[in-house]
Every structure is written in structure tokens, then in C-alpha cells.
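Dumped model_36.pdb below, it's PDB, C-alpha atoms and all ligand atoms:
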ATOM      1  CA  GLU A   7     -16.335   6.447  11.515  1.00  0.00           C
ATOM      2  CA  GLN A   8     -18.858   9.077  10.454  1.00  0.00           C
ATOM      3  CA  PRO A   9     -22.492   8.357   9.523  1.00  0.00           C
ATOM      4  CA  VAL A  10     -23.402   8.541   5.816  1.00  0.00           C
ATOM      5  CA  ASP A  11     -26.734   9.103   4.063  1.00  0.00           C
ATOM      6  CA  PRO A  12     -28.784   5.906   3.986  1.00  0.00           C
ATOM      7  CA  TYR A  13     -28.395   3.643   0.930  1.00  0.00           C
ATOM      8  CA  PRO A  14     -29.445   0.091   0.048  1.00  0.00           C
ATOM      9  CA  GLN A  15     -26.831  -2.383   1.255  1.00  0.00           C
ATOM     10  CA  ASN A  16     -26.108  -5.242  -1.082  1.00  0.00           C
ATOM     11  CA  ASP A  17     -23.137  -7.403  -2.010  1.00  0.00           C
ATOM     12  CA  ALA A  18     -23.722  -6.254  -5.595  1.00  0.00           C
ATOM     13  CA  ASN A  19     -22.437  -2.827  -4.477  1.00  0.00           C
ATOM     14  CA  ALA A  20     -18.958  -4.404  -4.336  1.00  0.00           C
ATOM     15  CA  GLY A  21     -18.875  -4.234  -8.143  1.00  0.00           C
ATOM     16  CA  ALA A  22     -17.446  -7.716  -8.789  1.00  0.00           C
ATOM     17  CA  GLN A  23     -18.419 -11.338  -8.350  1.00  0.00           C
ATOM     18  CA  PRO A  24     -16.474 -13.371  -5.770  1.00  0.00           C
ATOM     19  CA  PHE A  25     -13.985 -16.075  -6.723  1.00  0.00           C
ATOM     20  CA  ASP A  26     -15.035 -19.682  -6.274  1.00  0.00           C
ATOM     21  CA  GLY A  27     -13.510 -21.783  -3.496  1.00  0.00           C
ATOM     22  CA  GLN A  28     -10.991 -20.891  -0.814  1.00  0.00           C
ATOM     23  CA  ALA A  29      -7.783 -20.665  -2.864  1.00  0.00           C
ATOM     24  CA  MET A  30      -7.750 -16.880  -3.341  1.00  0.00           C
ATOM     25  CA  TRP A  31      -8.703 -16.144   0.265  1.00  0.00           C
ATOM     26  CA  ARG A  32      -5.859 -18.381   1.452  1.00  0.00           C
ATOM     27  CA  ALA A  33      -3.471 -16.888  -1.134  1.00  0.00           C
ATOM     28  CA  PHE A  34      -4.128 -13.481   0.489  1.00  0.00           C
ATOM     29  CA  HIS A  35      -3.469 -14.870   3.989  1.00  0.00           C
ATOM     30  CA  GLU A  36      -7.099 -14.481   4.961  1.00  0.00           C
ATOM     31  CA  ALA A  37      -8.383 -11.644   7.153  1.00  0.00           C
ATOM     32  CA  ASP A  38      -5.006 -10.671   8.646  1.00  0.00           C
ATOM     33  CA  GLY A  39      -3.333 -10.507   5.231  1.00  0.00           C
ATOM     34  CA  VAL A  40      -6.146  -8.484   3.663  1.00  0.00           C
ATOM     35  CA  SER A  41      -6.153  -6.123   6.644  1.00  0.00           C
ATOM     36  CA  ARG A  42      -2.401  -5.483   6.336  1.00  0.00           C
ATOM     37  CA  ILE A  43      -2.634  -5.009   2.561  1.00  0.00           C
ATOM     38  CA  VAL A  44      -5.547  -2.549   2.719  1.00  0.00           C
ATOM     39  CA  ASP A  45      -3.964  -0.581   5.567  1.00  0.00           C
ATOM     40  CA  GLU A  46      -0.655  -0.282   3.730  1.00  0.00           C
ATOM     41  CA  ALA A  47      -2.255   0.616   0.399  1.00  0.00           C
ATOM     42  CA  ILE A  48      -4.220   3.405   2.111  1.00  0.00           C
ATOM     43  CA  ASP A  49      -1.177   4.612   4.080  1.00  0.00           C
ATOM     44  CA  LEU A  50       0.912   4.784   0.882  1.00  0.00           C
ATOM     45  CA  SER A  51      -1.883   6.588  -0.996  1.00  0.00           C
ATOM     46  CA  GLN A  52      -2.366   9.074   1.808  1.00  0.00           C
ATOM     47  CA  SER A  53       1.322   9.968   1.830  1.00  0.00           C
ATOM     48  CA  ASP A  54       1.767  10.033  -1.972  1.00  0.00           C
ATOM     49  CA  PRO A  55       1.886  13.715  -3.022  1.00  0.00           C
ATOM     50  CA  HIS A  56       0.330  12.819  -6.405  1.00  0.00           C
ATOM     51  CA  ILE A  57      -2.946  11.654  -4.866  1.00  0.00           C
ATOM     52  CA  SER A  58      -2.849  12.675  -1.182  1.00  0.00           C
ATOM     53  CA  ASP A  59      -5.263  15.579  -1.762  1.00  0.00           C
ATOM     54  CA  ILE A  60      -7.978  13.121  -2.790  1.00  0.00           C
ATOM     55  CA  PHE A  61      -7.737  11.439   0.615  1.00  0.00           C
ATOM     56  CA  ARG A  62      -7.718  14.634   2.693  1.00  0.00           C
ATOM     57  CA  ASN A  63     -10.800  15.227   4.849  1.00  0.00           C
ATOM     58  CA  ARG A  64     -12.210  11.797   3.972  1.00  0.00           C
ATOM     59  CA  ASP A  65     -13.453   9.164   6.379  1.00  0.00           C
ATOM     60  CA  LEU A  66     -10.494   6.790   6.197  1.00  0.00           C
ATOM     61  CA  VAL A  67     -11.821   4.726   9.116  1.00  0.00           C
ATOM     62  CA  ARG A  68     -14.830   3.889   7.005  1.00  0.00           C
ATOM     63  CA  LEU A  69     -12.693   3.436   3.864  1.00  0.00           C
ATOM     64  CA  ARG A  70     -10.438   0.913   5.628  1.00  0.00           C
ATOM     65  CA  ARG A  71     -13.444  -1.011   6.943  1.00  0.00           C
ATOM     66  CA  THR A  72     -15.416  -1.129   3.696  1.00  0.00           C
ATOM     67  CA  LEU A  73     -12.361  -1.816   1.492  1.00  0.00           C
ATOM     68  CA  LYS A  74     -11.418  -4.783   3.718  1.00  0.00           C
ATOM     69  CA  GLU A  75     -15.010  -6.026   3.441  1.00  0.00           C
ATOM     70  CA  GLN A  76     -15.000  -5.573  -0.327  1.00  0.00           C
ATOM     71  CA  PHE A  77     -11.734  -7.517  -0.744  1.00  0.00           C
ATOM     72  CA  CYS A  78     -12.951 -10.219   1.661  1.00  0.00           C
ATOM     73  CA  TYR A  79     -16.176 -10.540  -0.307  1.00  0.00           C
ATOM     74  CA  ILE A  80     -14.402 -10.712  -3.694  1.00  0.00           C
ATOM     75  CA  LEU A  81     -11.784 -13.178  -2.391  1.00  0.00           C
ATOM     76  CA  ASN A  82     -14.662 -15.351  -1.124  1.00  0.00           C
ATOM     77  CA  GLY A  83     -13.589 -14.967   2.490  1.00  0.00           C
ATOM     78  CA  GLY A  84     -17.157 -15.147   3.758  1.00  0.00           C
ATOM     79  CA  CYS A  85     -17.846 -11.417   4.258  1.00  0.00           C
ATOM     80  CA  HIS A  86     -20.756  -9.313   3.139  1.00  0.00           C
ATOM     81  CA  TYR A  87     -19.996  -5.906   1.642  1.00  0.00           C
ATOM     82  CA  SER A  88     -21.862  -3.169   3.483  1.00  0.00           C
ATOM     83  CA  GLY A  89     -20.454  -0.165   1.584  1.00  0.00           C
ATOM     84  CA  ARG A  90     -21.781   1.973  -1.230  1.00  0.00           C
ATOM     85  CA  THR A  91     -21.502   1.318  -4.966  1.00  0.00           C
ATOM     86  CA  MET A  92     -18.236   2.338  -6.628  1.00  0.00           C
ATOM     87  CA  GLN A  93     -20.202   4.974  -8.537  1.00  0.00           C
ATOM     88  CA  ALA A  94     -21.714   6.516  -5.389  1.00  0.00           C
ATOM     89  CA  ALA A  95     -18.478   6.281  -3.369  1.00  0.00           C
ATOM     90  CA  HIS A  96     -16.357   8.140  -5.953  1.00  0.00           C
ATOM     91  CA  LYS A  97     -18.916  10.563  -7.321  1.00  0.00           C
ATOM     92  CA  ASP A  98     -17.653  14.091  -7.959  1.00  0.00           C
ATOM     93  CA  MET A  99     -14.145  13.213  -6.714  1.00  0.00           C
ATOM     94  CA  GLY A 100     -12.618  14.012 -10.113  1.00  0.00           C
ATOM     95  CA  ILE A 101     -10.435  10.907 -10.098  1.00  0.00           C
ATOM     96  CA  GLN A 102      -8.254  10.662 -13.214  1.00  0.00           C
ATOM     97  CA  THR A 103      -6.637   7.685 -14.937  1.00  0.00           C
ATOM     98  CA  ALA A 104      -3.245   8.584 -13.427  1.00  0.00           C
ATOM     99  CA  ASP A 105      -4.797   8.598  -9.914  1.00  0.00           C
ATOM    100  CA  MET A 106      -6.089   5.088 -10.501  1.00  0.00           C
ATOM    101  CA  GLY A 107      -2.616   4.059 -11.713  1.00  0.00           C
ATOM    102  CA  ALA A 108      -1.026   5.443  -8.549  1.00  0.00           C
ATOM    103  CA  LEU A 109      -3.506   3.643  -6.301  1.00  0.00           C
ATOM    104  CA  VAL A 110      -2.938   0.339  -8.126  1.00  0.00           C
ATOM    105  CA  GLU A 111       0.845   0.749  -7.708  1.00  0.00           C
ATOM    106  CA  HIS A 112       0.401   1.211  -3.950  1.00  0.00           C
ATOM    107  CA  LEU A 113      -1.858  -1.817  -3.807  1.00  0.00           C
ATOM    108  CA  GLN A 114       0.748  -3.826  -5.730  1.00  0.00           C
ATOM    109  CA  ALA A 115       3.489  -2.722  -3.312  1.00  0.00           C
ATOM    110  CA  ALA A 116       1.321  -3.735  -0.349  1.00  0.00           C
ATOM    111  CA  MET A 117       0.584  -7.144  -1.909  1.00  0.00           C
ATOM    112  CA  ARG A 118       4.288  -7.640  -2.661  1.00  0.00           C
ATOM    113  CA  HIS A 119       5.229  -6.832   0.927  1.00  0.00           C
ATOM    114  CA  GLU A 120       2.653  -9.425   2.063  1.00  0.00           C
ATOM    115  CA  HIS A 121       4.375 -11.921  -0.324  1.00  0.00           C
ATOM    116  CA  ILE A 122       1.229 -12.571  -2.348  1.00  0.00           C
ATOM    117  CA  SER A 123       2.020 -14.629  -5.468  1.00  0.00           C
ATOM    118  CA  TYR A 124       1.990 -12.670  -8.731  1.00  0.00           C
ATOM    119  CA  ARG A 125      -0.703 -14.959 -10.096  1.00  0.00           C
ATOM    120  CA  ALA A 126      -2.999 -14.195  -7.137  1.00  0.00           C
ATOM    121  CA  GLN A 127      -2.161 -10.455  -7.305  1.00  0.00           C
ATOM    122  CA  ASN A 128      -3.083 -10.350 -10.975  1.00  0.00           C
ATOM    123  CA  ARG A 129      -6.299 -12.278 -10.463  1.00  0.00           C
ATOM    124  CA  LEU A 130      -7.479  -9.713  -7.897  1.00  0.00           C
ATOM    125  CA  LEU A 131      -6.351  -6.784 -10.073  1.00  0.00           C
ATOM    126  CA  ALA A 132      -8.337  -8.267 -12.972  1.00  0.00           C
ATOM    127  CA  LYS A 133     -11.493  -8.105 -10.813  1.00  0.00           C
ATOM    128  CA  LEU A 134     -10.803  -4.443  -9.953  1.00  0.00           C
ATOM    129  CA  ALA A 135      -9.758  -3.255 -13.436  1.00  0.00           C
ATOM    130  CA  PRO A 136     -13.285  -2.999 -14.902  1.00  0.00           C
ATOM    131  CA  MET A 137     -14.258  -0.678 -12.010  1.00  0.00           C
ATOM    132  CA  LYS A 138     -12.009   1.970 -13.514  1.00  0.00           C
ATOM    133  CA  ARG A 139     -14.803   3.165 -15.782  1.00  0.00           C
ATOM    134  CA  THR A 140     -17.055   3.936 -12.803  1.00  0.00           C
ATOM    135  CA  VAL A 141     -14.328   5.394 -10.565  1.00  0.00           C
ATOM    136  CA  VAL A 142     -12.490   7.639 -13.029  1.00  0.00           C
ATOM    137  CA  LYS A 143     -13.995  11.116 -13.641  1.00  0.00           C
ATOM    138  CA  GLN A 144     -17.741  10.937 -13.746  1.00  0.00           C
TER     139      GLN A 144
HETATM  140  C1  LIG B 201     -10.844  -0.350  -8.398  1.00  0.00           C
HETATM  141  C2  LIG B 201     -10.565   0.775  -7.787  1.00  0.00           C
HETATM  142  C3  LIG B 201     -11.201   1.193  -6.482  1.00  0.00           C
HETATM  143  C4  LIG B 201     -11.891   0.467  -5.558  1.00  0.00           C
HETATM  144  C5  LIG B 201     -12.226  -1.010  -5.586  1.00  0.00           C
HETATM  145  C6  LIG B 201     -12.270   1.387  -4.492  1.00  0.00           C
HETATM  146  C7  LIG B 201     -13.001   1.052  -3.360  1.00  0.00           C
HETATM  147  C8  LIG B 201     -13.562   1.967  -2.489  1.00  0.00           C
HETATM  148  C9  LIG B 201     -14.494   1.694  -1.423  1.00  0.00           C
HETATM  149  C10 LIG B 201     -14.982   0.295  -1.045  1.00  0.00           C
HETATM  150  C11 LIG B 201     -14.841   2.861  -0.851  1.00  0.00           C
HETATM  151  C12 LIG B 201     -15.781   3.097   0.359  1.00  0.00           C
HETATM  152  C13 LIG B 201     -17.260   3.014  -0.021  1.00  0.00           C
HETATM  153  C14 LIG B 201     -18.157   3.553   1.073  1.00  0.00           C
HETATM  154  O1  LIG B 201     -17.762   4.457   1.817  1.00  0.00           O
HETATM  155  O2  LIG B 201     -19.295   3.084   1.184  1.00  0.00           O
HETATM  156  C15 LIG B 201     -14.085   3.892  -1.513  1.00  0.00           C
HETATM  157  C16 LIG B 201     -14.080   5.231  -1.181  1.00  0.00           C
HETATM  158  C17 LIG B 201     -13.059   6.099  -1.512  1.00  0.00           C
HETATM  159  N1  LIG B 201     -12.155   5.909  -2.520  1.00  0.00           N
HETATM  160 FE1  LIG B 201     -12.023   4.299  -3.682  1.00  0.00          FE
HETATM  161  N2  LIG B 201     -11.775   2.626  -4.801  1.00  0.00           N
HETATM  162  C18 LIG B 201     -11.117   2.552  -5.993  1.00  0.00           C
HETATM  163  C19 LIG B 201     -10.456   3.587  -6.629  1.00  0.00           C
HETATM  164  C20 LIG B 201     -10.101   4.763  -6.008  1.00  0.00           C
HETATM  165  C21 LIG B 201      -9.112   5.718  -6.495  1.00  0.00           C
HETATM  166  C22 LIG B 201      -8.341   5.581  -7.801  1.00  0.00           C
HETATM  167  C23 LIG B 201      -9.028   6.703  -5.548  1.00  0.00           C
HETATM  168  C24 LIG B 201      -8.144   7.925  -5.537  1.00  0.00           C
HETATM  169  C25 LIG B 201      -6.896   7.907  -5.965  1.00  0.00           C
HETATM  170  C26 LIG B 201      -9.986   6.393  -4.492  1.00  0.00           C
HETATM  171  C27 LIG B 201     -10.216   7.167  -3.377  1.00  0.00           C
HETATM  172  C28 LIG B 201     -11.272   6.963  -2.507  1.00  0.00           C
HETATM  173  C29 LIG B 201     -11.622   7.872  -1.426  1.00  0.00           C
HETATM  174  C30 LIG B 201     -10.900   9.164  -1.044  1.00  0.00           C
HETATM  175  C31 LIG B 201     -12.752   7.325  -0.796  1.00  0.00           C
HETATM  176  C32 LIG B 201     -13.496   7.886   0.420  1.00  0.00           C
HETATM  177  C33 LIG B 201     -14.702   8.673  -0.054  1.00  0.00           C
HETATM  178  C34 LIG B 201     -15.516   9.255   1.116  1.00  0.00           C
HETATM  179  O3  LIG B 201     -14.945   9.747   2.100  1.00  0.00           O
HETATM  180  O4  LIG B 201     -16.721   9.186   1.055  1.00  0.00           O
HETATM  181  N3  LIG B 201     -10.604   5.214  -4.801  1.00  0.00           N
HETATM  182  N4  LIG B 201     -13.326   3.327  -2.510  1.00  0.00           N
END

Any chance you could put this one into C-alpha cells?
Ligand code: HEM
Amino acid sequence: EQPVDPYPQNDANAGAQPFDGQAMWRAFHEADGVSRIVDEAIDLSQSDPHISDIFRNRDLVRLRRTLKEQFCYILNGGCHYSGRTMQAAHKDMGIQTADMGALVEHLQAAMRHEHISYRAQNRLLAKLAPMKRTVVKQ
């Protein structure tokens, strides 16, 4: 993982409030499940010709770590999110609506392969959906 310019670390940078209770964390099979889902979603994105360019020459070690933290935080798995805001992380990347759609499809495939219930999948996706306006072309 490469160093980045200093920034204030805060759970608020995760861009969503965590769920209450342990149900969602358990529904995602806790840390091992989230780790498998994030790794597969990134692998699929990296090898998808529609969006692979966006992931070239990026620090995917850091992305895997911070995305797992972000999901753990949102699923109320007891993590703190140490990454940057969604605005700072995706600034000047030129991400379009279709890129977001592709990423969500890969995340859905990864959740399906982990046998996450559709209800739990959709509850997580509903937390991520409002972030579209900060991630897509700024
Ligand atoms: C709700 C949607 C999204 C979430 C929750 C999300 C989450 C994150 C997180 C946590 C980081 C790392 C922050 C840090 O380094 O401090 C990150 C970076 C990144 N994201 Fe996203 N992301 C989203 C959408 C997208 C989309 C649609 C793409 C492209 C198709 C994308 C591509 C990337 C890339 C390439 C990086 C690495 C940037 C770098 O090297 O600095 N993200 N994202």
C-alpha cells in the first residue's frame, strides 16, 4: 500500500450511517464474508473491459483494505473507517453513471456467490446508492 496525502480520519468519511444491531453483519458472514465479497467485486471490476481502465495504476491494496473497512463499518461489524471521503477518493476520475452500474453488478455477483440474502443485499445497496451523486463525474 502506498502513502497518501494526509487527511482527517473520521467514520463520517464512510458516507453512510451504520445499521443497528448485528443482523446485517451476520447476514454478510462477518469479516470473512465481507473480505471475499470485496475481493471478488474488485477482481471482477479490474477484469471488466468496460471499467478496467479506471482501476489501472491505482492502489488496489489500499482500495481492498479501505472498502472492507467501509463495509464493516456500515454493516455495524465494529470497524472504524480510516479512508478518505467518497468525494476525495473519486475526484477527477471521470466516473460515469454506466461505470457505477457496472461496479454495482459486480458487487451483486460477489454477494450472490457468497449466498447473501436478497433482502440483505438490497439493504446494503440502499446505503451505497446515495453516494452515486458524489462518485459520478465531479
Ligand atoms: C457507492 C459506490 C462506491 C463506493 C462505496 C466506493 C468506495 C471506495 C473507497 C472506500 C475507496 C478508497 C478510499 C481511500 O483510498 O481512502 C475508493 C477508491 C476508488 N474507487 Fe470507489 N467507490 C464507489 C464507486 C466507485 C466506482 C463506480 C468506481 C469505478 C468504476 C470506483 C473506483 C475506485 C478506484 C479506482 C479507487 C482508487 C482510487 C485511488 O487509487 O486513489 N469507485 N472507492

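With distances taken over all atoms listed in the file, A:Phe61 is the one residue among A:Trp31, A:Tyr13, A:Phe25, A:Phe61 lying closest to ligand LIG 201 (chain B).
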
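Of the listed residues (A:Ala37, A:Ile122, A:Ala104, A:Ala115), A:Ala104 comes nearest to ligand LIG 201 (chain B); the distances count only C-alpha atoms and all ligand atoms.
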
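Between CA of Tyr124 in chain A and CA of Leu109 in chain A there is a distance of 17.4 Å.
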
Quick one: apply the PyMOL selection byres (((not hetatm)) within 8 of (chain B and resi 201)) to the file and drop the selected residues here as a PDB file with C-alpha atoms, in the coordinates of the input.
ATOM      1  CA  ALA A  20     -18.958  -4.404  -4.336  1.00  0.00           C
ATOM      2  CA  GLY A  21     -18.875  -4.234  -8.143  1.00  0.00           C
ATOM      3  CA  SER A  51      -1.883   6.588  -0.996  1.00  0.00           C
ATOM      4  CA  ILE A  57      -2.946  11.654  -4.866  1.00  0.00           C
ATOM      5  CA  SER A  58      -2.849  12.675  -1.182  1.00  0.00           C
ATOM      6  CA  ILE A  60      -7.978  13.121  -2.790  1.00  0.00           C
ATOM      7  CA  PHE A  61      -7.737  11.439   0.615  1.00  0.00           C
ATOM      8  CA  ARG A  62      -7.718  14.634   2.693  1.00  0.00           C
ATOM      9  CA  ASN A  63     -10.800  15.227   4.849  1.00  0.00           C
ATOM     10  CA  ARG A  64     -12.210  11.797   3.972  1.00  0.00           C
ATOM     11  CA  ASP A  65     -13.453   9.164   6.379  1.00  0.00           C
ATOM     12  CA  LEU A  66     -10.494   6.790   6.197  1.00  0.00           C
ATOM     13  CA  ARG A  68     -14.830   3.889   7.005  1.00  0.00           C
ATOM     14  CA  LEU A  69     -12.693   3.436   3.864  1.00  0.00           C
ATOM     15  CA  ARG A  70     -10.438   0.913   5.628  1.00  0.00           C
ATOM     16  CA  THR A  72     -15.416  -1.129   3.696  1.00  0.00           C
ATOM     17  CA  LEU A  73     -12.361  -1.816   1.492  1.00  0.00           C
ATOM     18  CA  LYS A  74     -11.418  -4.783   3.718  1.00  0.00           C
ATOM     19  CA  GLU A  75     -15.010  -6.026   3.441  1.00  0.00           C
ATOM     20  CA  GLN A  76     -15.000  -5.573  -0.327  1.00  0.00           C
ATOM     21  CA  SER A  88     -21.862  -3.169   3.483  1.00  0.00           C
ATOM     22  CA  GLY A  89     -20.454  -0.165   1.584  1.00  0.00           C
ATOM     23  CA  ARG A  90     -21.781   1.973  -1.230  1.00  0.00           C
ATOM     24  CA  THR A  91     -21.502   1.318  -4.966  1.00  0.00           C
ATOM     25  CA  MET A  92     -18.236   2.338  -6.628  1.00  0.00           C
ATOM     26  CA  ALA A  94     -21.714   6.516  -5.389  1.00  0.00           C
ATOM     27  CA  ALA A  95     -18.478   6.281  -3.369  1.00  0.00           C
ATOM     28  CA  HIS A  96     -16.357   8.140  -5.953  1.00  0.00           C
ATOM     29  CA  MET A  99     -14.145  13.213  -6.714  1.00  0.00           C
ATOM     30  CA  ILE A 101     -10.435  10.907 -10.098  1.00  0.00           C
ATOM     31  CA  GLN A 102      -8.254  10.662 -13.214  1.00  0.00           C
ATOM     32  CA  THR A 103      -6.637   7.685 -14.937  1.00  0.00           C
ATOM     33  CA  ASP A 105      -4.797   8.598  -9.914  1.00  0.00           C
ATOM     34  CA  MET A 106      -6.089   5.088 -10.501  1.00  0.00           C
ATOM     35  CA  GLY A 107      -2.616   4.059 -11.713  1.00  0.00           C
ATOM     36  CA  ALA A 108      -1.026   5.443  -8.549  1.00  0.00           C
ATOM     37  CA  LEU A 109      -3.506   3.643  -6.301  1.00  0.00           C
ATOM     38  CA  VAL A 110      -2.938   0.339  -8.126  1.00  0.00           C
ATOM     39  CA  LEU A 134     -10.803  -4.443  -9.953  1.00  0.00           C
ATOM     40  CA  ALA A 135      -9.758  -3.255 -13.436  1.00  0.00           C
ATOM     41  CA  PRO A 136     -13.285  -2.999 -14.902  1.00  0.00           C
ATOM     42  CA  MET A 137     -14.258  -0.678 -12.010  1.00  0.00           C
ATOM     43  CA  LYS A 138     -12.009   1.970 -13.514  1.00  0.00           C
ATOM     44  CA  VAL A 141     -14.328   5.394 -10.565  1.00  0.00           C
ATOM     45  CA  VAL A 142     -12.490   7.639 -13.029  1.00  0.00           C
TER      46      VAL A 142
END

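The spacing separating CA of Arg139 in chain A from CA of Ala18 in chain A amounts to 16.5 Å.
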
Given the file shown, determine the residues that the PyMOL selection byres (((chain A and resi 24) around 6) and not hetatm) selects; report them as a CSV table (one decimal) with C-alpha atoms, keeping the file's coordinate frame.
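Written out: part39.csv:
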chain,number,residue,atom,x,y,z
A,23,GLN,CA,-18.4,-11.3,-8.4
A,25,PHE,CA,-14.0,-16.1,-6.7
A,80,ILE,CA,-14.4,-10.7,-3.7
A,81,LEU,CA,-11.8,-13.2,-2.4
A,82,ASN,CA,-14.7,-15.4,-1.1

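Residue nearest Leu131 in chain A within the list A:Leu113, A:Arg32, A:Asp54, A:Ile43: A:Leu113 [criterion: smallest interatomic distance, all atoms listed in the file].
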
Carefully work through the PyMOL selection byres (((chain A and resi 126) around 10) and not hetatm) for this structure and note down the residues it includes, as a PDB file with C-alpha atoms, in the frame of the given file.
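Produced file selection32.pdb, reproduced below:
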ATOM      1  CA  ALA A  29      -7.783 -20.665  -2.864  1.00  0.00           C
ATOM      2  CA  MET A  30      -7.750 -16.880  -3.341  1.00  0.00           C
ATOM      3  CA  TRP A  31      -8.703 -16.144   0.265  1.00  0.00           C
ATOM      4  CA  ARG A  32      -5.859 -18.381   1.452  1.00  0.00           C
ATOM      5  CA  ALA A  33      -3.471 -16.888  -1.134  1.00  0.00           C
ATOM      6  CA  PHE A  34      -4.128 -13.481   0.489  1.00  0.00           C
ATOM      7  CA  MET A 117       0.584  -7.144  -1.909  1.00  0.00           C
ATOM      8  CA  ILE A 122       1.229 -12.571  -2.348  1.00  0.00           C
ATOM      9  CA  SER A 123       2.020 -14.629  -5.468  1.00  0.00           C
ATOM     10  CA  TYR A 124       1.990 -12.670  -8.731  1.00  0.00           C
ATOM     11  CA  ARG A 125      -0.703 -14.959 -10.096  1.00  0.00           C
ATOM     12  CA  GLN A 127      -2.161 -10.455  -7.305  1.00  0.00           C
ATOM     13  CA  ASN A 128      -3.083 -10.350 -10.975  1.00  0.00           C
ATOM     14  CA  ARG A 129      -6.299 -12.278 -10.463  1.00  0.00           C
ATOM     15  CA  LEU A 130      -7.479  -9.713  -7.897  1.00  0.00           C
ATOM     16  CA  LEU A 131      -6.351  -6.784 -10.073  1.00  0.00           C
ATOM     17  CA  ALA A 132      -8.337  -8.267 -12.972  1.00  0.00           C
TER      18      ALA A 132
END

Counting all atoms listed in the file, I want the residues whose atoms come within 8 Å of (-4.7, 4.6, 7.8) in the file frame, returned as a PDB file with C-alpha atoms, in the frame of the given file.
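Result file is result_7.pdb:
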ATOM      1  CA  ASP A  45      -3.964  -0.581   5.567  1.00  0.00           C
ATOM      2  CA  GLU A  46      -0.655  -0.282   3.730  1.00  0.00           C
ATOM      3  CA  ILE A  48      -4.220   3.405   2.111  1.00  0.00           C
ATOM      4  CA  ASP A  49      -1.177   4.612   4.080  1.00  0.00           C
ATOM      5  CA  GLN A  52      -2.366   9.074   1.808  1.00  0.00           C
ATOM      6  CA  LEU A  66     -10.494   6.790   6.197  1.00  0.00           C
ATOM      7  CA  VAL A  67     -11.821   4.726   9.116  1.00  0.00           C
ATOM      8  CA  ARG A  70     -10.438   0.913   5.628  1.00  0.00           C
TER       9      ARG A  70
END

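For the pair CA of Gln93 in chain A and CA of Ser53 in chain A, the interatomic distance is 24.4 Å.
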
What are the centre and the three edge lengths of an axis-aligned box that wraps all atoms of range 131-140 of chain A in the file, given that 3 Å is added to every side, written as lines of an AutoDock Vina configuration file and rounded to one decimal in Å?
center_x = -11.7
center_y = -2.2
center_z = -12.9
size_x = 16.7
size_y = 18.2
size_z = 11.8

Q: Counting all atoms listed in the file, figure out which residue out of A:Leu50, A:Ala116, A:Val44, A:Ala22 gets nearest to Tyr79 in chain A.
A: A:Ala22

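The residue that comes closest to Lys97 in chain A, out of A:Arg118, A:Gly84, A:Thr140, A:Arg71 and on the basis of only C-alpha atoms, is A:Thr140.
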
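Taking all atoms listed in the file into account, His112 in chain A lies nearest to A:Ala47 out of the set A:Ala47, A:Pro9, A:Asp26, A:Pro14.
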